[in-house]
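Structure file model-v6.json (JSON, C-alpha atoms) is printed below.
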[["chain", "number", "residue", "atom", "x", "y", "z"],
["S", 1, "MET", "CA", 120.59, 77.02, 116.07],
["S", 2, "LYS", "CA", 119.40, 74.52, 113.48],
["S", 3, "ARG", "CA", 119.34, 75.67, 109.88],
["S", 4, "LYS", "CA", 116.15, 73.74, 109.11],
["S", 5, "ASN", "CA", 114.05, 75.90, 111.44],
["S", 6, "THR", "CA", 115.82, 79.21, 110.79],
["S", 7, "CYS", "CA", 114.64, 82.11, 108.62],
["S", 8, "CYS", "CA", 116.67, 85.13, 107.54],
["S", 9, "PHE", "CA", 115.47, 88.47, 106.20],
["S", 10, "THR", "CA", 116.80, 90.65, 103.40],
["S", 11, "GLY", "CA", 115.32, 93.82, 102.00],
["S", 12, "HIS", "CA", 115.82, 97.38, 100.97],
["S", 13, "ARG", "CA", 116.67, 100.14, 103.42],
["S", 14, "GLU", "CA", 114.38, 102.66, 101.78],
["S", 15, "ILE", "CA", 110.70, 101.80, 101.90],
["S", 16, "PRO", "CA", 108.16, 104.35, 100.65],
["S", 17, "ALA", "CA", 105.94, 105.60, 103.48],
["S", 18, "ASN", "CA", 102.79, 104.45, 101.68],
["S", 19, "GLU", "CA", 104.11, 100.84, 101.64],
["S", 20, "ILE", "CA", 105.22, 100.54, 105.28],
["S", 21, "TYR", "CA", 101.82, 99.76, 106.82],
["S", 22, "LEU", "CA", 101.02, 96.97, 104.36],
["S", 23, "LEU", "CA", 104.56, 95.60, 104.53],
["S", 24, "ARG", "CA", 104.49, 95.54, 108.34],
["S", 25, "ALA", "CA", 101.23, 93.56, 108.27],
["S", 26, "LYS", "CA", 102.57, 91.15, 105.62],
["S", 27, "LEU", "CA", 105.74, 90.63, 107.66],
["S", 28, "GLN", "CA", 103.82, 89.89, 110.84],
["S", 29, "GLY", "CA", 101.60, 87.41, 108.99],
["S", 30, "THR", "CA", 104.56, 85.74, 107.28],
["S", 31, "VAL", "CA", 106.51, 85.38, 110.53],
["S", 32, "GLN", "CA", 103.43, 83.83, 112.15],
["S", 33, "LEU", "CA", 102.96, 81.40, 109.24],
["S", 34, "LEU", "CA", 106.61, 80.39, 109.38],
["S", 35, "TYR", "CA", 106.34, 79.85, 113.12],
["S", 36, "ASP", "CA", 103.28, 77.65, 112.51],
["S", 37, "GLU", "CA", 105.45, 75.64, 110.06],
["S", 38, "GLY", "CA", 108.08, 75.10, 112.77],
["S", 39, "TYR", "CA", 110.44, 78.03, 112.24],
["S", 40, "THR", "CA", 111.51, 79.35, 115.62],
["S", 41, "ASN", "CA", 114.82, 81.06, 114.81],
["S", 42, "PHE", "CA", 114.92, 84.34, 112.90],
["S", 43, "VAL", "CA", 117.98, 86.27, 111.70],
["S", 44, "SER", "CA", 118.08, 89.98, 110.84],
["S", 45, "GLY", "CA", 120.92, 92.16, 109.59],
["S", 46, "GLY", "CA", 120.27, 95.19, 111.78],
["S", 47, "ALA", "CA", 120.00, 97.69, 108.92],
["S", 48, "VAL", "CA", 117.33, 100.39, 108.75],
["S", 49, "GLY", "CA", 114.26, 99.72, 106.66],
["S", 50, "PHE", "CA", 113.21, 96.13, 106.05],
["S", 51, "ASP", "CA", 115.65, 94.59, 108.56],
["S", 52, "THR", "CA", 114.22, 96.76, 111.32],
["S", 53, "LEU", "CA", 110.60, 95.99, 110.38],
["S", 54, "ALA", "CA", 111.41, 92.26, 110.28],
["S", 55, "ALA", "CA", 113.11, 92.34, 113.69],
["S", 56, "TRP", "CA", 110.08, 94.11, 115.22],
["S", 57, "ALA", "CA", 107.77, 91.46, 113.69],
["S", 58, "VAL", "CA", 109.85, 88.71, 115.33],
["S", 59, "LEU", "CA", 109.96, 90.52, 118.68],
["S", 60, "ASN", "CA", 106.17, 90.93, 118.47],
["S", 61, "LEU", "CA", 105.73, 87.19, 117.91],
["S", 62, "LYS", "CA", 108.12, 86.46, 120.76],
["S", 63, "LYS", "CA", 105.63, 88.08, 123.19],
["S", 64, "THR", "CA", 103.25, 85.15, 122.72],
["S", 65, "CYS", "CA", 105.70, 82.47, 121.59],
["S", 66, "PRO", "CA", 108.62, 82.34, 124.03],
["S", 67, "ASP", "CA", 110.48, 79.68, 122.02],
["S", 68, "VAL", "CA", 111.08, 82.21, 119.22],
["S", 69, "THR", "CA", 114.63, 83.58, 118.97],
["S", 70, "LEU", "CA", 116.02, 86.62, 117.19],
["S", 71, "THR", "CA", 119.66, 86.81, 116.13],
["S", 72, "VAL", "CA", 121.03, 90.07, 114.78],
["S", 73, "VAL", "CA", 124.09, 89.77, 112.55],
["S", 74, "SER", "CA", 125.88, 93.11, 112.36],
["S", 75, "PRO", "CA", 128.45, 93.49, 109.56],
["S", 76, "PHE", "CA", 130.73, 95.64, 111.73],
["S", 77, "ALA", "CA", 130.95, 97.30, 115.13],
["S", 78, "GLY", "CA", 129.41, 100.76, 114.97],
["S", 79, "GLN", "CA", 126.90, 99.82, 112.27],
["S", 80, "SER", "CA", 124.39, 102.33, 113.65],
["S", 81, "GLN", "CA", 126.86, 105.25, 113.68],
["S", 82, "SER", "CA", 125.30, 106.93, 110.64],
["S", 83, "TYR", "CA", 121.69, 106.26, 111.70],
["S", 84, "THR", "CA", 119.36, 109.05, 112.73],
["S", 85, "PRO", "CA", 118.67, 109.34, 116.49],
["S", 86, "CYS", "CA", 115.33, 107.55, 116.02],
["S", 87, "GLN", "CA", 116.96, 104.76, 113.98],
["S", 88, "LYS", "CA", 119.70, 104.39, 116.61],
["S", 89, "ARG", "CA", 117.08, 104.01, 119.38],
["S", 90, "ALA", "CA", 115.28, 101.33, 117.39],
["S", 91, "PHE", "CA", 118.59, 99.55, 116.68],
["S", 92, "GLU", "CA", 119.54, 99.59, 120.38],
["S", 93, "GLN", "CA", 116.09, 98.34, 121.44],
["S", 94, "ILE", "CA", 116.24, 95.49, 118.93],
["S", 95, "LYS", "CA", 119.82, 94.68, 119.97],
["S", 96, "SER", "CA", 118.88, 94.58, 123.66],
["S", 97, "GLN", "CA", 115.87, 92.33, 123.02],
["S", 98, "SER", "CA", 117.66, 89.95, 120.65],
["S", 99, "ASP", "CA", 118.78, 86.55, 121.85],
["S", 100, "GLU", "CA", 122.11, 86.79, 120.09],
["S", 101, "PHE", "CA", 124.04, 89.72, 118.62],
["S", 102, "ILE", "CA", 126.87, 88.79, 116.26],
["S", 103, "ILE", "CA", 129.44, 91.34, 115.03],
["S", 104, "LEU", "CA", 131.45, 90.16, 112.02],
["S", 105, "ARG", "CA", 134.12, 92.88, 111.77],
["S", 106, "ALA", "CA", 135.69, 95.40, 114.16],
["S", 107, "GLY", "CA", 135.13, 98.21, 111.65],
["S", 108, "TYR", "CA", 133.68, 98.83, 108.22],
["S", 109, "GLN", "CA", 135.45, 97.04, 105.37],
["S", 110, "SER", "CA", 134.52, 96.79, 101.73],
["S", 111, "GLY", "CA", 132.32, 93.72, 101.22],
["S", 112, "CYS", "CA", 131.29, 93.38, 104.88],
["S", 113, "MET", "CA", 127.58, 93.85, 104.06],
["S", 114, "MET", "CA", 127.73, 91.02, 101.53],
["S", 115, "GLU", "CA", 129.60, 88.89, 104.09],
["S", 116, "ARG", "CA", 126.81, 89.55, 106.61],
["S", 117, "ASN", "CA", 124.12, 88.66, 104.08],
["S", 118, "ARG", "CA", 125.83, 85.39, 103.13],
["S", 119, "LYS", "CA", 126.30, 84.44, 106.78],
["S", 120, "MET", "CA", 122.57, 84.94, 107.40],
["S", 121, "VAL", "CA", 121.68, 82.82, 104.35],
["S", 122, "ASP", "CA", 124.13, 80.12, 105.42],
["S", 123, "MET", "CA", 122.38, 79.93, 108.80],
["S", 124, "SER", "CA", 118.90, 79.53, 107.25],
["S", 125, "SER", "CA", 116.60, 77.36, 105.18],
["S", 126, "VAL", "CA", 114.12, 80.09, 104.25],
["S", 127, "CYS", "CA", 114.66, 83.73, 103.30],
["S", 128, "VAL", "CA", 111.95, 86.38, 103.55],
["S", 129, "ALA", "CA", 112.73, 89.27, 101.24],
["S", 130, "PHE", "CA", 111.46, 92.66, 100.22],
["S", 131, "LEU", "CA", 112.97, 92.76, 96.73],
["S", 132, "LYS", "CA", 111.90, 95.34, 94.21],
["S", 133, "LYS", "CA", 115.24, 96.39, 92.62],
["S", 134, "GLU", "CA", 117.21, 93.83, 90.63],
["S", 135, "ALA", "CA", 120.46, 95.78, 90.93],
["S", 136, "SER", "CA", 120.88, 95.75, 94.70],
["S", 137, "GLY", "CA", 122.44, 93.98, 97.65],
["S", 138, "THR", "CA", 119.03, 92.49, 98.37],
["S", 139, "ALA", "CA", 118.88, 90.99, 94.86],
["S", 140, "ASN", "CA", 122.40, 89.55, 95.30],
["S", 141, "THR", "CA", 121.33, 88.00, 98.61],
["S", 142, "VAL", "CA", 118.19, 86.49, 97.09],
["S", 143, "ARG", "CA", 120.24, 85.02, 94.22],
["S", 144, "TYR", "CA", 122.69, 83.55, 96.76],
["S", 145, "ALA", "CA", 119.80, 82.12, 98.77],
["S", 146, "LEU", "CA", 118.23, 80.52, 95.69],
["S", 147, "LYS", "CA", 121.61, 79.14, 94.57],
["S", 148, "ASN", "CA", 121.94, 77.54, 98.00],
["S", 149, "GLY", "CA", 118.50, 75.93, 97.89],
["S", 150, "LEU", "CA", 116.62, 78.22, 100.26],
["S", 151, "ARG", "CA", 112.91, 78.81, 99.91],
["S", 152, "VAL", "CA", 112.51, 82.54, 99.17],
["S", 153, "ILE", "CA", 109.37, 84.51, 100.02],
["S", 154, "ASN", "CA", 109.32, 87.96, 98.40],
["S", 155, "LEU", "CA", 106.87, 90.31, 100.12],
["S", 156, "PHE", "CA", 107.09, 92.97, 97.42],
["S", 157, "VAL", "CA", 103.96, 93.20, 95.32],
["S", 158, "PRO", "CA", 103.96, 95.59, 92.33],
["S", 159, "GLU", "CA", 101.33, 98.35, 92.52],
["S", 160, "ASP", "CA", 99.35, 97.00, 89.57],
["S", 161, "GLU", "CA", 99.02, 93.61, 91.32],
["S", 162, "ILE", "CA", 97.89, 95.34, 94.52],
["S", 163, "GLU", "CA", 95.10, 97.08, 92.60],
["S", 164, "ILE", "CA", 94.04, 93.80, 90.98],
["S", 165, "ARG", "CA", 94.07, 91.99, 94.33],
["S", 166, "GLN", "CA", 92.10, 94.76, 96.00],
["S", 167, "GLN", "CA", 89.52, 94.74, 93.21],
["S", 168, "THR", "CA", 89.26, 90.94, 93.37],
["S", 169, "HIS", "CA", 88.94, 91.09, 97.15],
["S", 170, "LEU", "CA", 86.11, 93.61, 96.88],
["S", 171, "CYS", "CA", 84.22, 91.23, 94.61],
["S", 172, "PHE", "CA", 84.07, 88.65, 97.40],
["S", 173, "GLU", "CA", 82.90, 90.94, 100.19]]
Once you've parsed the file, please lay out its structure as structure tokens.
Amino acid sequence: MKRKNTCCFTGHREIPANEIYLLRAKLQGTVQLLYDEGYTNFVSGGAVGFDTLAAWAVLNLKKTCPDVTLTVVSPFAGQSQSYTPCQKRAFEQIKSQSDEFIILRAGYQSGCMMERNRKMVDMSSVCVAFLKKEASGTANTVRYALKNGLRVINLFVPEDEIEIRQQTHLCFE
């Protein structure tokens, strides 16, 4: 896997229901744009929320672009233990359809999530994020990515900007 054509994802686990549809569409469009730029390798952390949405977007693209690969980097064996049954099914489906599944630790250890996030950044040249909280693991990952020279694309758009964009868009219809 070459870093120059690899993209990692980082984002919050909790996504409000009213944001999921728009975020899913933005993710799919972003993954397609990155593919058009030459990115064929995508890396997800296997967590619920944004990681899961990102992995599905990559797997969707893979249906029409067979050169696309998905790597899942799991911080520890048994990561999905605390997931709901639905989340576990999604995790197992993503895992089975991924091209590579990396487990960093045999069991949970303090700091293993940060280790996973840094590994994904170190594998990549671009990072697609869903960052809306400055005090979070996602924010730490984005700061690490920026410090290491990665291009960062944040898909979070504050509500007031969404209203402005929608109003502007309506003016051009």
S:Ala106, S:Val48, S:Ala57, S:Met114 ranked by distance to Thr84 in chain S, top pick (using only C-alpha atoms): S:Val48
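Between CA of Thr138 in chain S and CA of Ile15 in chain S the interatomic distance comes to 13.0 Å.
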Selection as JSON, numbers by chain: residues within 9 Å of (125.6, 88.9, 114.3), counting only C-alpha atoms: {"S": [43, 44, 45, 46, 71, 72, 73, 74, 75, 76, 100, 101, 102, 103, 104, 116, 119, 120]}
Non-local contacts of Thr141 in chain S (8 Å; only C-alpha atoms; under 6 positions in same chain excluded) as a VMD selection string: chain S and resid 10 114 117 to 118 121
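The neighbours of Val31 in chain S here are the residues that come within 9 Å of it, using all atoms listed in the file and leaving out any residue fewer than 6 positions away in the same chain; they are S:Cys7, S:Tyr39, S:Phe42, S:Ala54, S:Ala57, S:Val58, S:Leu61, S:Val128.
The gap separating CA of Gln81 in chain S from CA of Arg24 in chain S is 25.0 Å, in Å to one decimal.
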